[in-house]
Amino acid sequence: MSTSPQKMLNPSSVLEFKSTTFFTPILVLNSNDMAAIELSLQEKINLAPDFFRHSPLVIDVRELNKAELDFSITEIVEMLRRIGLFPIGLRGGTEQQNSQAQKLSIPIDAGRDHDNGGVAQQSSGAGGATAADTKTSSTEIADATPADSKTAAATASTADLSVQSVVPTTFAKSMLVTQPVRSGQRIYAHGDLVVMSQVSAGAEIMAEGNIHVYNTLRGRALAGVQGNTSARIFCLDLQAELVSIAGDYKTSEHIIKEMQKKPVQIYLQDHALIINEIA
């Protein structure tokens, strides 16, 4: 008598659940003017298309509800999908708004109402937007060797573009990457990140602490991703598509030519990214 293959399968081998951390932008809405929101979002997408393309995001409507502004979750979700963004959660909604979101297959994210807000505005002065642009990403880590280091903690400030983050004061391990970071790779370090080889265009490196690239930086580098405003980025050859510290960022179009293809350090000062050549 034959036995069905399905009956012989060990249920534990069919699938498994794993926990991980991933980074996603949080869109904090401060206005219910849908036309203005769409225009502002489109401007930011045009500044960094690779950064925003097909990006998942969480919609945060707490500020709208605090101000008792009328808005439609359905209208917001349709607008975001129309411009190529993918809402994956709603935060700060009322019972009625949560119900609307669930009908659109948008999960409810309780979030952390006590979190500090961070800044995610484009440092060259693109203001007036109502989007946030932060993180939460899980990434593949290749050829990495841990070492000990201490990360600083700071509280991010607020602006039109807000980011939610938790800023712990803890000891974290640094990460050493000795192989090239290729296009499509994403690397995340809970402490400092040290890369000895080049970071290719299309690659993304992120760290809760500082980032050191002892070679050419062509991809995207995001330091202080959990709100550490004292984090810095160092590289020997700046050709980056995007650099960011604690949510404040500049794209390649806004990095002055005098600083490109030179050894530099990048740090945050009054919510503006300062890029200085290393003598």
# chains A, B, ... in the order shown; residues from 1 in each chain; ligands from 1
>>> residues_around(residues="Val225 of chain A", least_positions_apart="3", cutoff="7 Å", atoms="only C-alpha atoms", output="VMD selection string")
chain A and resid 135 206 to 208 222 228 245 to 247
>>> residues_around(residues="segment 233-241 of chain A", least_positions_apart="3", cutoff="9 Å", atoms="only C-alpha atoms", output="PyMOL selection string")
chain A and resi 48+50+199-202+210-223+244-245+250-253+255+259-267+278
>>> closest_residue(among="A:Gly89, A:Gly84, A:Gly191, A:Gly184", to="Ile59 of chain A", atoms="only C-alpha atoms")
A:Gly89
>>> residues_around(residues="Val58 of chain A", least_positions_apart="2", cutoff="9 Å", atoms="only C-alpha atoms", output="number ranges by chain")
A: 24-28, 56, 60, 86-91, 109
>>> write_last_selection(atoms="N, CA and C atoms", output="PDB file, in the first residue's frame")
ATOM      1  N   THR A  24      12.577  50.326   6.882  1.00  0.00           N
ATOM      2  CA  THR A  24      11.600  50.842   5.924  1.00  0.00           C
ATOM      3  C   THR A  24      11.319  52.304   6.229  1.00  0.00           C
ATOM      4  N   PRO A  25      11.084  53.106   5.216  1.00  0.00           N
ATOM      5  CA  PRO A  25      10.735  54.504   5.472  1.00  0.00           C
ATOM      6  C   PRO A  25       9.406  54.623   6.208  1.00  0.00           C
ATOM      7  N   ILE A  26       9.285  55.641   7.039  1.00  0.00           N
ATOM      8  CA  ILE A  26       8.032  55.965   7.711  1.00  0.00           C
ATOM      9  C   ILE A  26       7.575  57.319   7.192  1.00  0.00           C
ATOM     10  N   LEU A  27       6.430  57.332   6.560  1.00  0.00           N
ATOM     11  CA  LEU A  27       5.878  58.562   5.988  1.00  0.00           C
ATOM     12  C   LEU A  27       5.035  59.258   7.053  1.00  0.00           C
ATOM     13  N   VAL A  28       5.576  60.330   7.620  1.00  0.00           N
ATOM     14  CA  VAL A  28       4.877  61.081   8.657  1.00  0.00           C
ATOM     15  C   VAL A  28       4.155  62.248   7.993  1.00  0.00           C
ATOM     16  N   PRO A  56       8.928  50.022   0.225  1.00  0.00           N
ATOM     17  CA  PRO A  56       7.831  49.849   1.172  1.00  0.00           C
ATOM     18  C   PRO A  56       7.871  50.989   2.181  1.00  0.00           C
ATOM     19  N   ASP A  60       2.318  57.115   8.860  1.00  0.00           N
ATOM     20  CA  ASP A  60       2.106  57.591  10.226  1.00  0.00           C
ATOM     21  C   ASP A  60       1.155  58.793  10.176  1.00  0.00           C
ATOM     22  N   PHE A  86       4.938  51.432  -1.785  1.00  0.00           N
ATOM     23  CA  PHE A  86       4.144  50.303  -1.341  1.00  0.00           C
ATOM     24  C   PHE A  86       3.893  50.384   0.166  1.00  0.00           C
ATOM     25  N   PRO A  87       2.728  50.904   0.565  1.00  0.00           N
ATOM     26  CA  PRO A  87       2.407  50.971   1.995  1.00  0.00           C
ATOM     27  C   PRO A  87       2.305  49.561   2.595  1.00  0.00           C
ATOM     28  N   ILE A  88       2.982  49.360   3.728  1.00  0.00           N
ATOM     29  CA  ILE A  88       2.936  48.052   4.383  1.00  0.00           C
ATOM     30  C   ILE A  88       2.456  48.167   5.824  1.00  0.00           C
ATOM     31  N   GLY A  89       2.024  49.356   6.231  1.00  0.00           N
ATOM     32  CA  GLY A  89       1.540  49.491   7.599  1.00  0.00           C
ATOM     33  C   GLY A  89       0.960  50.875   7.841  1.00  0.00           C
ATOM     34  N   LEU A  90       0.064  50.947   8.814  1.00  0.00           N
ATOM     35  CA  LEU A  90      -0.523  52.220   9.241  1.00  0.00           C
ATOM     36  C   LEU A  90      -0.264  52.398  10.725  1.00  0.00           C
ATOM     37  N   ARG A  91       0.211  53.570  11.098  1.00  0.00           N
ATOM     38  CA  ARG A  91       0.509  53.871  12.496  1.00  0.00           C
ATOM     39  C   ARG A  91      -0.281  55.096  12.943  1.00  0.00           C
ATOM     40  N   ASP A 109       0.213  48.997  12.396  1.00  0.00           N
ATOM     41  CA  ASP A 109       1.465  49.026  13.149  1.00  0.00           C
ATOM     42  C   ASP A 109       1.241  49.877  14.388  1.00  0.00           C
TER      43      ASP A 109
END
>>> atom_distance(atom1="atom CA of Ala231 of chain A", atom2="atom CA of Gly209 of chain A")
5.4 Å
>>> closest_residue(among="A:Pro49, A:Leu57, A:Gly92, A:Glu38", to="Glu75 of chain A", atoms="only C-alpha atoms")
A:Glu38
>>> atom_distance(atom1="atom CA of Ser197 of chain A", atom2="atom CA of His254 of chain A")
24.8 Å
>>> atom_distance(atom1="atom CA of Met34 of chain A", atom2="atom CA of Thr94 of chain A")
19.1 Å
>>> closest_atom_pairs(of="segment 173-244 of chain A", to="segment 268-271 of chain A", cutoff="8 Å", atoms="only C-alpha atoms", output="Markdown table")
| residue | atom | partner | partner_atom | distance |
| --- | --- | --- | --- | --- |
| A:Thr229 | CA | A:Leu268 | CA | 6.4 |
| A:Ser230 | CA | A:Leu268 | CA | 6.9 |
| A:Ala231 | CA | A:Leu268 | CA | 7.8 |
| A:Arg232 | CA | A:Leu268 | CA | 7.6 |
>>> write_last_selection(atoms="C-alpha atoms", output="short mmCIF file (atom, residue, chain, number, x, y, z; two decimals), in the first residue's frame")
data_model
loop_
_atom_site.label_atom_id
_atom_site.label_comp_id
_atom_site.auth_asym_id
_atom_site.auth_seq_id
_atom_site.Cartn_x
_atom_site.Cartn_y
_atom_site.Cartn_z
CA THR A 229 23.56 62.41 15.12
CA SER A 230 27.24 62.25 16.13
CA ALA A 231 27.98 59.48 13.61
CA ARG A 232 30.33 60.24 10.71
#
